[in-house]
Amino acid sequence: MSVSDAFENILGQPKVREFLRATVAQDRVSHAYLFTGPAGSNKTLAAYAFAQAVLCPKGPGGPRGGECGACDACRRVMRRKHPDVRFFAPEGAGGYLVEQIRDIVADTALAPIQAARKVYILDRVDLLGVQAANAFLKTLEEPPADVVLVLLGRTRESVLPTIVSRCQVVPFRFIPPAEAAGIIAQNSGASPELSRVALAACDGSITRAVEFLRSNERRAFRTRVLEVLACLRTADDWDVLGFASELLTLSKAPLDVVRAEQEQELAENADFLAKSAIRQIEARNKRQLTAKTLESLRQLAAIVRSWLRDVAATCAEAPELVINTDVLADIREAAASTDEARAAAALAAVRRCDEAISYNVSPETCVDALLMEVRDLLYETTPPALARGSR
């Protein structure tokens with residue numbers, strides 16, 4: 001589907017789309033925004049679309065009101081390669097570290113590398129504690145003139161009032177799964193059934209689901225994860241460790257492409273960029289690799305979660321709720337060997353895996369523990385309340 005500008009890709013959020021378009025076209029860009037909405041509501045994509053429009057050298061007075069999408073700067077932002085668009089996520093087990101925020105504040109004082117302005121995107125600011133927030137308040141209230149701050153949070157109420165009061169709040173609505181699947185089908189050409197599968201595999205994110213459907217590699221990864229899950233009932237510990245190693249290797253495959261692109265970009269720019277600018281690009285590249293690693297792990301957890309929900313639905317004799325219908329025989333076989341309580345306990349193990357990923361636990365440990373716990377909780381004869389990991 002052809003699109004007229006970056007904002008067209010903010011699927012399922014028509015009011016947000018029109019607000020951001022008008023903001024750029026009328027040259028009314030503020031210094032700080034807070035995008036609030038549930039996971040999967042396209043806040044991150046909207047932040048990058050906004051950054052693209054803000055950094056486009058054609059500006060609001062140019063062709064199509066600055067809604068370009070075709071120049072080099074726009075393409076770099078769309079590929080998340082622009083050195084003047086910085087994305088940050090919490091680095092601490094419980095949220096943002098004070099030292100991390102101080103580094104961000106110091107970075108805002110540096111001049112842009114390529115564009116006239118810089119855009120900082122901070123994810124999960126609902127995990128910004130009082131101390132870290134205090135280190136950020138002055139910059140949030142009066143950032144340098146060439147800086148635009150875009151903060152992302154789950155709800156307005158979950159973000160500290162001192163942060164909310166210094167931002168223009170942009171609310172994103174919850175998109176019901178049925179509507180989300182319809183949007184995915186419309187934008188990818190996939191069937192409604194496959195769109196539901198993609199949505200579940202991407203933890204409710206419409207944007208990532210469309211990307212998933214366009215990637216043979218990601219779809220093959222899902223297929224292998226589901227094959228492994230079907231084998232867990234008869235797998236011993238060595239089998240499980242082997243499966244975990246294989247899935248971890250497959251999940252890391254996209255990182256090789258990202259690394260190659262990063263190295264090429266540095267090689268192309270090394271001759272005319274200052275050393276400080278190169279260091280900034282290297283730091284951004286490192287953050288991008290970390291984010292990609294977390295994204296792959298979360299996709300693995302999301303696929304496991306969707307399969308377990310299907311097993312639970314089958315145990316509850318609610319086959320109409322099954323999403324992964326392409327592996328229905330395996331789901332029925334698993335359901336015949338377990339019950340709803342065990343499936344619920346296994347789903348709790350996936351939640352623990354999600355938390356471990358957020359706490360920067362090593363990927364190897366996360367995947368090993370996830371598969372072991374799912375196997376043990378689904379199929380062991382010990383009651384779920386006494387099983388390992390449920391104490």
# chains A, B, ... in the order shown; residues from 1 in each chain; ligands from 1
>>> residues_around(residues="Glu246 (chain A)", least_positions_apart="6", cutoff="10 Å", atoms="only C-alpha atoms", output="PDB file with C-alpha atoms, in the first residue's frame")
ATOM      1  CA  ARG A 224      10.378 -23.638  14.808  1.00  0.00           C
ATOM      2  CA  VAL A 225       9.306 -22.286  18.227  1.00  0.00           C
ATOM      3  CA  VAL A 228       9.876 -27.102  19.928  1.00  0.00           C
ATOM      4  CA  VAL A 240      15.462 -28.766  26.364  1.00  0.00           C
TER       5      VAL A 240
END
>>> atom_distance(atom1="CA of Ser41 (chain A)", atom2="CA of Asp126 (chain A)")
15.7 Å
>>> closest_residue(among="A:Ala283, A:Leu308, A:Ala209, A:Cys167", to="Leu226 (chain A)", atoms="only C-alpha atoms")
A:Leu308
>>> atom_distance(atom1="CA of Asp330 (chain A)", atom2="CA of Cys315 (chain A)")
12.9 Å
>>> closest_atom_pairs(of="region 301-363 of chain A", to="region 84-93 of chain A", cutoff="10 Å", atoms="only C-alpha atoms", output="JSON lines")
{"residue": "A:Glu355", "atom": "CA", "partner": "A:Ala93", "partner_atom": "CA", "distance": 8.9}
{"residue": "A:Ala356", "atom": "CA", "partner": "A:Ala93", "partner_atom": "CA", "distance": 8.7}
{"residue": "A:Ile357", "atom": "CA", "partner": "A:Ala93", "partner_atom": "CA", "distance": 9.5}
{"residue": "A:Ser358", "atom": "CA", "partner": "A:Ala93", "partner_atom": "CA", "distance": 6.8}
{"residue": "A:Tyr359", "atom": "CA", "partner": "A:Ala93", "partner_atom": "CA", "distance": 4.3}
{"residue": "A:Asn360", "atom": "CA", "partner": "A:Ala93", "partner_atom": "CA", "distance": 7.2}
{"residue": "A:Val361", "atom": "CA", "partner": "A:Ala93", "partner_atom": "CA", "distance": 9.2}
>>> write_last_selection(atoms="N, CA, C and O atoms", output="mmCIF file, in the first residue's frame")
data_model
loop_
_atom_site.group_PDB
_atom_site.id
_atom_site.type_symbol
_atom_site.label_atom_id
_atom_site.label_comp_id
_atom_site.auth_asym_id
_atom_site.auth_seq_id
_atom_site.Cartn_x
_atom_site.Cartn_y
_atom_site.Cartn_z
ATOM 1 N N GLU A 355 9.789 -10.390 32.691
ATOM 2 C CA GLU A 355 10.417 -9.563 33.722
ATOM 3 C C GLU A 355 11.931 -9.719 33.694
ATOM 4 O O GLU A 355 12.673 -8.738 33.821
ATOM 5 N N ALA A 356 12.400 -10.954 33.518
ATOM 6 C CA ALA A 356 13.845 -11.203 33.470
ATOM 7 C C ALA A 356 14.484 -10.484 32.290
ATOM 8 O O ALA A 356 15.590 -9.937 32.396
ATOM 9 N N ILE A 357 13.783 -10.466 31.155
ATOM 10 C CA ILE A 357 14.291 -9.752 29.980
ATOM 11 C C ILE A 357 14.436 -8.266 30.302
ATOM 12 O O ILE A 357 15.439 -7.640 29.973
ATOM 13 N N SER A 358 13.434 -7.704 30.978
ATOM 14 C CA SER A 358 13.474 -6.291 31.350
ATOM 15 C C SER A 358 14.598 -6.004 32.333
ATOM 16 O O SER A 358 15.128 -4.898 32.367
ATOM 17 N N TYR A 359 14.946 -7.009 33.152
ATOM 18 C CA TYR A 359 15.995 -6.835 34.150
ATOM 19 C C TYR A 359 17.387 -7.127 33.600
ATOM 20 O O TYR A 359 18.355 -7.226 34.347
ATOM 21 N N ASN A 360 17.478 -7.310 32.256
ATOM 22 C CA ASN A 360 18.761 -7.559 31.594
ATOM 23 C C ASN A 360 19.424 -8.858 32.028
ATOM 24 O O ASN A 360 20.645 -8.971 32.058
ATOM 25 N N VAL A 361 18.607 -9.862 32.399
ATOM 26 C CA VAL A 361 19.144 -11.198 32.643
ATOM 27 C C VAL A 361 19.669 -11.742 31.314
ATOM 28 O O VAL A 361 19.125 -11.442 30.254
#
>>> residues_around(residues="Leu378 (chain A)", least_positions_apart="5", cutoff="7 Å", atoms="only C-alpha atoms", output="list in words")
Thr338, Arg342, Ala343 and Ala346 of chain A
>>> closest_residue(among="A:Pro143, A:Gly94, A:Gly153, A:Pro176", to="Gly129 (chain A)", atoms="only C-alpha atoms")
A:Gly94
>>> residues_around(residues="region 96-106 of chain A", least_positions_apart="6", cutoff="10 Å", atoms="only C-alpha atoms", output="VMD selection string")
chain A and resid 86 88 to 90 120 122 to 140 143
>>> atom_distance(atom1="CA of Thr234 (chain A)", atom2="CA of Asp376 (chain A)")
10.9 Å
>>> residues_around(residues="Ala334 (chain A)", least_positions_apart="2", cutoff="12 Å", atoms="only C-alpha atoms", output="PyMOL selection string")
chain A and resi 226+229-234+307-315+327-332+336-340+342-343+374-375+378-379
>>> closest_atom_pairs(of="region 128-239 of chain A", to="region 19-30 of chain A", cutoff="9 Å", atoms="only C-alpha atoms", output="JSON lines")
{"residue": "A:Val148", "atom": "CA", "partner": "A:Ser30", "partner_atom": "CA", "distance": 7.2}
{"residue": "A:Leu149", "atom": "CA", "partner": "A:Ser30", "partner_atom": "CA", "distance": 8.7}
{"residue": "A:Cys167", "atom": "CA", "partner": "A:Ser30", "partner_atom": "CA", "distance": 8.6}
{"residue": "A:Gln168", "atom": "CA", "partner": "A:Ser30", "partner_atom": "CA", "distance": 7.7}
{"residue": "A:Val170", "atom": "CA", "partner": "A:Phe19", "partner_atom": "CA", "distance": 8.7}
>>> write_last_selection(atoms="N, CA, C and O atoms", output="mmCIF file, in the first residue's frame")
data_model
loop_
_atom_site.group_PDB
_atom_site.id
_atom_site.type_symbol
_atom_site.label_atom_id
_atom_site.label_comp_id
_atom_site.auth_asym_id
_atom_site.auth_seq_id
_atom_site.Cartn_x
_atom_site.Cartn_y
_atom_site.Cartn_z
ATOM 1 N N VAL A 148 14.053 18.195 20.734
ATOM 2 C CA VAL A 148 12.652 17.824 20.940
ATOM 3 C C VAL A 148 12.630 16.506 21.702
ATOM 4 O O VAL A 148 13.304 15.549 21.318
ATOM 5 N N LEU A 149 11.883 16.461 22.799
ATOM 6 C CA LEU A 149 11.800 15.274 23.652
ATOM 7 C C LEU A 149 10.445 14.603 23.467
ATOM 8 O O LEU A 149 9.399 15.254 23.568
ATOM 9 N N CYS A 167 4.997 18.350 29.849
ATOM 10 C CA CYS A 167 4.866 17.798 28.493
ATOM 11 C C CYS A 167 3.484 18.085 27.912
ATOM 12 O O CYS A 167 2.517 18.294 28.644
ATOM 13 N N GLN A 168 3.420 18.065 26.591
ATOM 14 C CA GLN A 168 2.128 18.060 25.921
ATOM 15 C C GLN A 168 1.721 16.600 25.779
ATOM 16 O O GLN A 168 2.419 15.801 25.143
ATOM 17 N N VAL A 170 -0.200 13.353 24.523
ATOM 18 C CA VAL A 170 -0.869 12.855 23.319
ATOM 19 C C VAL A 170 -1.375 11.449 23.625
ATOM 20 O O VAL A 170 -0.585 10.497 23.678
#
>>> closest_residue(among="A:Val147, A:Phe35, A:Ala73, A:Glu282", to="Val164 (chain A)", atoms="only C-alpha atoms")
A:Phe35
>>> closest_residue(among="A:Ser306, A:Ser188, A:Gln52, A:Asn42", to="Leu213 (chain A)", atoms="only C-alpha atoms")
A:Ser188
>>> residues_around(residues="Asp72 (chain A)", least_positions_apart="3", cutoff="12 Å", atoms="only C-alpha atoms", output="list of chain:residue names")
A:Gln52, A:Leu55, A:Cys56, A:Pro57, A:Lys58, A:Cys68, A:Gly69, A:Arg75, A:Arg76, A:Val77, A:Met78, A:Arg79, A:Lys81, A:His82, A:Gln114, A:Ala115
>>> closest_residue(among="A:Ile113, A:Val169, A:Leu194, A:Ala341", to="Ile278 (chain A)", atoms="only C-alpha atoms")
A:Ile113
